[in-house]
file entry38.cif (mmCIF, C-alpha atoms)
data_upload
loop_
_atom_site.group_PDB
_atom_site.id
_atom_site.type_symbol
_atom_site.label_atom_id
_atom_site.label_comp_id
_atom_site.auth_asym_id
_atom_site.auth_seq_id
_atom_site.Cartn_x
_atom_site.Cartn_y
_atom_site.Cartn_z
ATOM 1 C CA MET X 21 118.242 79.758 113.059
ATOM 2 C CA THR X 22 117.538 76.035 113.012
ATOM 3 C CA THR X 23 118.091 73.680 115.909
ATOM 4 C CA ARG X 24 121.136 72.198 114.198
ATOM 5 C CA GLU X 25 122.614 75.682 113.657
ATOM 6 C CA PHE X 26 122.013 76.492 117.333
ATOM 7 C CA ILE X 27 123.733 73.274 118.440
ATOM 8 C CA ASN X 28 126.648 73.997 116.116
ATOM 9 C CA TRP X 29 126.891 77.535 117.497
ATOM 10 C CA VAL X 30 127.034 76.209 121.068
ATOM 11 C CA ALA X 31 129.586 73.564 120.003
ATOM 12 C CA ALA X 32 131.824 76.349 118.653
ATOM 13 C CA LEU X 33 132.101 77.875 122.132
ATOM 14 C CA PRO X 34 135.218 77.006 124.157
ATOM 15 C CA SER X 35 134.982 73.603 125.848
ATOM 16 C CA TRP X 36 135.737 75.084 129.266
ATOM 17 C CA ALA X 37 132.739 77.436 128.951
ATOM 18 C CA ILE X 38 130.385 74.608 128.018
ATOM 19 C CA ALA X 39 131.682 72.412 130.842
ATOM 20 C CA ALA X 40 131.423 75.268 133.343
ATOM 21 C CA ALA X 41 127.809 75.966 132.358
ATOM 22 C CA PHE X 42 126.814 72.388 133.177
ATOM 23 C CA VAL X 43 129.078 71.769 136.181
ATOM 24 C CA ALA X 44 128.011 74.991 137.890
ATOM 25 C CA PRO X 45 124.393 74.023 138.825
ATOM 26 C CA PRO X 46 125.371 71.005 140.988
ATOM 27 C CA VAL X 47 128.204 73.012 142.558
ATOM 28 C CA VAL X 48 125.831 75.894 143.351
ATOM 29 C CA ALA X 49 123.311 73.417 144.807
ATOM 30 C CA ILE X 50 125.993 72.046 147.124
ATOM 31 C CA ALA X 51 127.161 75.534 148.088
ATOM 32 C CA LEU X 52 123.632 76.751 148.858
ATOM 33 C CA ARG X 53 123.254 74.144 151.574
ATOM 34 C CA PHE X 54 126.221 75.641 153.415
ATOM 35 C CA VAL X 55 125.086 79.213 152.781
ATOM 36 C CA HIS X 56 121.541 78.977 154.134
ATOM 37 C CA GLY X 57 122.021 76.176 156.638
ATOM 38 C CA LEU X 58 120.275 72.842 157.084
ATOM 39 C CA GLY X 59 116.485 73.020 156.772
ATOM 40 C CA GLU X 60 116.384 76.689 155.776
ATOM 41 C CA GLY X 61 116.089 76.238 151.991
ATOM 42 C CA ALA X 62 112.325 76.815 151.950
ATOM 43 C CA ARG X 63 112.629 80.338 153.308
ATOM 44 C CA ALA X 64 111.940 83.403 151.169
ATOM 45 C CA PRO X 65 115.146 84.331 149.365
ATOM 46 C CA TRP X 66 116.553 80.813 149.038
ATOM 47 C CA ARG X 67 113.552 79.145 147.479
ATOM 48 C CA TYR X 68 113.703 81.644 144.607
ATOM 49 C CA VAL X 69 117.394 80.911 144.167
ATOM 50 C CA TYR X 70 116.486 77.227 144.001
ATOM 51 C CA ALA X 71 113.818 78.027 141.394
ATOM 52 C CA LEU X 72 116.445 79.743 139.216
ATOM 53 C CA LEU X 73 118.786 76.804 139.745
ATOM 54 C CA VAL X 74 116.100 74.286 138.747
ATOM 55 C CA TYR X 75 115.373 76.156 135.529
ATOM 56 C CA TRP X 76 119.102 76.609 134.843
ATOM 57 C CA ALA X 77 119.604 72.849 135.040
ATOM 58 C CA CYS X 78 116.321 71.560 133.594
ATOM 59 C CA LEU X 79 115.786 73.650 130.477
ATOM 60 C CA PRO X 80 119.000 72.593 128.715
ATOM 61 C CA GLY X 81 118.741 69.084 130.196
ATOM 62 C CA VAL X 82 115.244 68.498 128.827
ATOM 63 C CA PHE X 83 116.125 70.097 125.484
ATOM 64 C CA VAL X 84 119.154 67.848 125.052
ATOM 65 C CA ALA X 85 117.207 64.775 126.212
ATOM 66 C CA VAL X 86 114.604 65.422 123.513
ATOM 67 C CA VAL X 87 117.285 65.990 120.871
ATOM 68 C CA VAL X 88 119.169 62.838 121.899
ATOM 69 C CA GLY X 89 115.951 60.813 121.902
ATOM 70 C CA TYR X 90 115.110 62.130 118.460
ATOM 71 C CA MET X 91 118.600 61.323 117.198
ATOM 72 C CA LEU X 92 118.569 57.803 118.605
ATOM 73 C CA PHE X 93 115.043 56.675 117.804
ATOM 74 C CA PHE X 94 113.969 58.646 114.747
ATOM 75 C CA THR X 95 117.063 59.539 112.715
ATOM 76 C CA ASN X 96 119.246 56.634 113.945
ATOM 77 C CA GLU X 97 122.324 58.825 114.439
ATOM 78 C CA ASN X 98 125.313 57.498 116.331
ATOM 79 C CA LEU X 99 125.965 59.251 119.655
ATOM 80 C CA LEU X 100 129.604 58.160 119.537
ATOM 81 C CA ASP X 101 130.125 60.800 116.848
ATOM 82 C CA GLN X 102 128.644 63.626 118.940
ATOM 83 C CA ASN X 103 130.181 66.108 121.367
ATOM 84 C CA VAL X 104 130.040 64.664 124.902
ATOM 85 C CA LEU X 105 129.808 68.123 126.462
ATOM 86 C CA LEU X 106 126.658 68.896 124.490
ATOM 87 C CA TYR X 107 124.840 65.569 124.451
ATOM 88 C CA ILE X 108 125.737 63.926 127.778
ATOM 89 C CA PHE X 109 126.545 66.684 130.289
ATOM 90 C CA PRO X 110 123.188 68.572 130.288
ATOM 91 C CA PRO X 111 120.948 65.600 131.243
ATOM 92 C CA VAL X 112 123.502 64.338 133.769
ATOM 93 C CA SER X 113 123.834 67.844 135.219
ATOM 94 C CA MET X 114 120.043 68.110 135.424
ATOM 95 C CA VAL X 115 119.649 64.817 137.295
ATOM 96 C CA VAL X 116 122.525 65.504 139.703
ATOM 97 C CA THR X 117 121.311 69.055 140.367
ATOM 98 C CA LEU X 118 117.755 67.891 141.083
ATOM 99 C CA MET X 119 119.044 65.195 143.437
ATOM 100 C CA LEU X 120 121.141 67.735 145.338
ATOM 101 C CA ILE X 121 118.325 70.290 145.472
ATOM 102 C CA ARG X 122 115.950 67.606 146.776
ATOM 103 C CA LYS X 123 118.301 67.081 149.719
ATOM 104 C CA ASN X 124 118.199 70.809 150.513
ATOM 105 C CA VAL X 125 114.548 71.715 149.957
ATOM 106 C CA SER X 126 111.237 70.066 149.076
ATOM 107 C CA PHE X 127 110.204 70.549 145.458
ATOM 108 C CA ASP X 128 106.792 71.699 146.723
ATOM 109 C CA ASP X 129 108.527 74.765 148.204
ATOM 110 C CA VAL X 130 110.293 75.695 144.932
ATOM 111 C CA PRO X 131 108.174 78.225 143.007
ATOM 112 C CA GLY X 132 107.290 77.071 139.516
ATOM 113 C CA PHE X 133 108.558 73.512 139.943
ATOM 114 C CA ASP X 134 105.081 72.054 139.449
ATOM 115 C CA ARG X 135 104.806 73.838 136.109
ATOM 116 C CA LEU X 136 108.243 72.696 135.018
ATOM 117 C CA SER X 137 107.559 69.113 136.054
ATOM 118 C CA GLY X 138 104.251 69.342 134.166
ATOM 119 C CA LEU X 139 106.109 70.478 131.050
ATOM 120 C CA ILE X 140 108.601 67.625 131.413
ATOM 121 C CA ALA X 141 105.734 65.142 131.843
ATOM 122 C CA VAL X 142 103.941 66.444 128.735
ATOM 123 C CA ILE X 143 107.140 66.234 126.685
ATOM 124 C CA ALA X 144 107.955 62.733 127.953
ATOM 125 C CA VAL X 145 104.459 61.315 127.403
ATOM 126 C CA THR X 146 104.190 62.882 123.965
ATOM 127 C CA PHE X 147 107.587 61.445 123.044
ATOM 128 C CA VAL X 148 106.590 57.972 124.268
ATOM 129 C CA ILE X 149 103.308 58.077 122.336
ATOM 130 C CA ILE X 150 104.996 59.230 119.121
ATOM 131 C CA LEU X 151 107.765 56.648 119.534
ATOM 132 C CA ALA X 152 105.254 53.860 120.184
ATOM 133 C CA VAL X 153 103.219 54.749 117.121
ATOM 134 C CA GLN X 154 106.308 55.156 114.931
ATOM 135 C CA LYS X 155 108.212 52.048 116.055
ATOM 136 C CA THR X 156 105.541 49.442 116.759
ATOM 137 C CA ARG X 157 103.163 50.215 113.935
ATOM 138 C CA LEU X 158 100.394 50.323 116.517
ATOM 139 C CA TRP X 159 97.766 50.864 113.852
ATOM 140 C CA LEU X 160 98.512 47.415 112.353
ATOM 141 C CA VAL X 161 98.988 45.072 115.309
ATOM 142 C CA PHE X 162 99.397 45.505 119.059
ATOM 143 C CA GLY X 163 100.469 41.976 119.970
ATOM 144 C CA GLY X 164 99.207 42.143 123.566
ATOM 145 C CA SER X 165 95.835 41.941 125.215
ATOM 146 C CA ILE X 166 93.363 44.761 124.916
ATOM 147 C CA PHE X 167 93.523 45.210 128.699
ATOM 148 C CA VAL X 168 97.274 45.883 128.603
ATOM 149 C CA LEU X 169 96.796 48.372 125.755
ATOM 150 C CA THR X 170 93.981 50.085 127.660
ATOM 151 C CA ALA X 171 96.059 50.284 130.852
ATOM 152 C CA ILE X 172 99.029 51.766 128.992
ATOM 153 C CA VAL X 173 96.882 54.325 127.177
ATOM 154 C CA MET X 174 94.979 55.288 130.341
ATOM 155 C CA GLY X 175 98.228 55.715 132.287
ATOM 156 C CA LEU X 176 99.754 57.875 129.579
ATOM 157 C CA ILE X 177 96.596 59.970 129.293
ATOM 158 C CA GLY X 178 96.522 60.430 133.078
ATOM 159 C CA VAL X 179 100.113 61.660 133.190
ATOM 160 C CA LEU X 180 99.481 63.859 130.144
ATOM 161 C CA GLN X 181 96.361 65.343 131.770
ATOM 162 C CA TRP X 182 98.239 66.080 135.004
ATOM 163 C CA GLY X 183 101.147 67.587 133.060
ATOM 164 C CA LEU X 184 98.881 69.856 131.038
ATOM 165 C CA TYR X 185 97.026 70.981 134.169
ATOM 166 C CA ALA X 186 100.274 71.710 136.001
ATOM 167 C CA LEU X 187 101.674 73.577 133.026
ATOM 168 C CA PHE X 188 98.661 75.732 132.180
ATOM 169 C CA ARG X 189 96.799 76.215 135.466
ATOM 170 C CA ARG X 190 96.048 79.719 136.657
ATOM 171 C CA SER X 191 97.889 80.984 139.713
ATOM 172 C CA ASP X 192 94.659 81.013 141.758
ATOM 173 C CA GLU X 193 93.924 77.323 141.044
ATOM 174 C CA PRO X 194 95.252 74.735 143.489
ATOM 175 C CA SER X 195 98.150 72.562 142.393
ATOM 176 C CA ARG X 196 97.697 68.808 142.121
ATOM 177 C CA LYS X 197 100.086 66.274 143.565
ATOM 178 C CA ARG X 198 102.598 64.742 141.187
ATOM 179 C CA PRO X 199 101.849 61.128 140.173
ATOM 180 C CA ARG X 200 103.789 58.614 142.244
ATOM 181 C CA ILE X 201 105.093 55.153 141.594
ATOM 182 C CA ASP X 202 105.235 53.115 144.782
ATOM 183 C CA ILE X 203 108.109 50.664 145.027
ATOM 184 C CA PRO X 204 107.427 47.413 146.948
ATOM 185 C CA ASN X 205 110.069 48.229 149.594
ATOM 186 C CA GLY X 206 108.195 51.402 150.518
ATOM 187 C CA GLY X 207 110.382 53.862 148.603
ATOM 188 C CA GLU X 208 109.146 56.492 146.200
ATOM 189 C CA ARG X 209 110.360 57.514 142.774
#
call {"tool": "encode", "arguments": {"input": "entry38.cif", "output": "structure tokens"}}
result
Amino acid sequence: MTTREFINWVAALPSWAIAAAFVAPPVVAIALRFVHGLGEGARAPWRYVYALLVYWACLPGVFVAVVVGYMLFFTNENLLDQNVLLYIFPPVSMVVTLMLIRKNVSFDDVPGFDRLSGLIAVIAVTFVIILAVQKTRLWLVFGGSIFVLTAIVMGLIGVLQWGLYALFRRSDEPSRKRPRIDIPNGGER
């Protein structure tokens, strides 16, 4: 089965089933807060429920984000001709679910989140590198200073190295902190 055949198979499912699959994770994240109470999400049974919820939201969200990025930047397909439930809902559901989970529990307390975020980082950095090479013809001309190119490459390699470590580390190895981007007003993204 090819990726296109899989997407067509999912598109053949009833619309209500597709919508329910992507609306359910944010709804469950909201409901969990009322079930376990404020500040209790890091306790034993609930953190595993949050781990399942993170994977339920992130795996299809990341898959669709990669497919949409490929369609937009490499094959130049028009997203206006695509099924909204399949190409828009999963990434939106992923972002909303992660925002709601973050309000309930720290991601450091969710088992396996560091590995999943490492996988997402590896996919994102690899996509950016491939897109940069494909679109800008980097091997011909960069157009900026060598210092800017070096900074970009070093940043991407750093995120890629962290992502690979987080994804493939043994369970007895300590986890590393996720890279942070500090905003001038003191916030964190």
call {"tool": "closest_residue", "arguments": {"input": "entry38.cif", "among": "X:Trp76, X:Tyr68, X:Phe167, X:Phe54", "to": "Ser113 in chain X", "atoms": "only C-alpha atoms"}}
result
X:Trp76
call {"tool": "atom_distance", "arguments": {"input": "entry38.cif", "atom1": "CA of His56 in chain X", "atom2": "CA of Asn124 in chain X"}}
result
9.5 Å
call {"tool": "residues_around", "arguments": {"input": "entry38.cif", "residues": "Ile177 in chain X", "least_positions_apart": "3", "cutoff": "10 Å", "atoms": "all atoms listed in the file", "output": "list in words"}}
result
Val142, Val145, Thr146, Ile149, Ala171, Ile172, Val173, Met174, Leu180, Gln181, Trp182 and Gly183 of chain X
call {"tool": "atom_distance", "arguments": {"input": "entry38.cif", "atom1": "CA of Leu52 in chain X", "atom2": "CA of Val112 in chain X"}}
result
19.5 Å
call {"tool": "closest_residue", "arguments": {"input": "entry38.cif", "among": "X:Ser126, X:Thr170, X:Ser195, X:Gln154", "to": "Arg67 in chain X", "atoms": "all atoms listed in the file"}}
result
X:Ser126
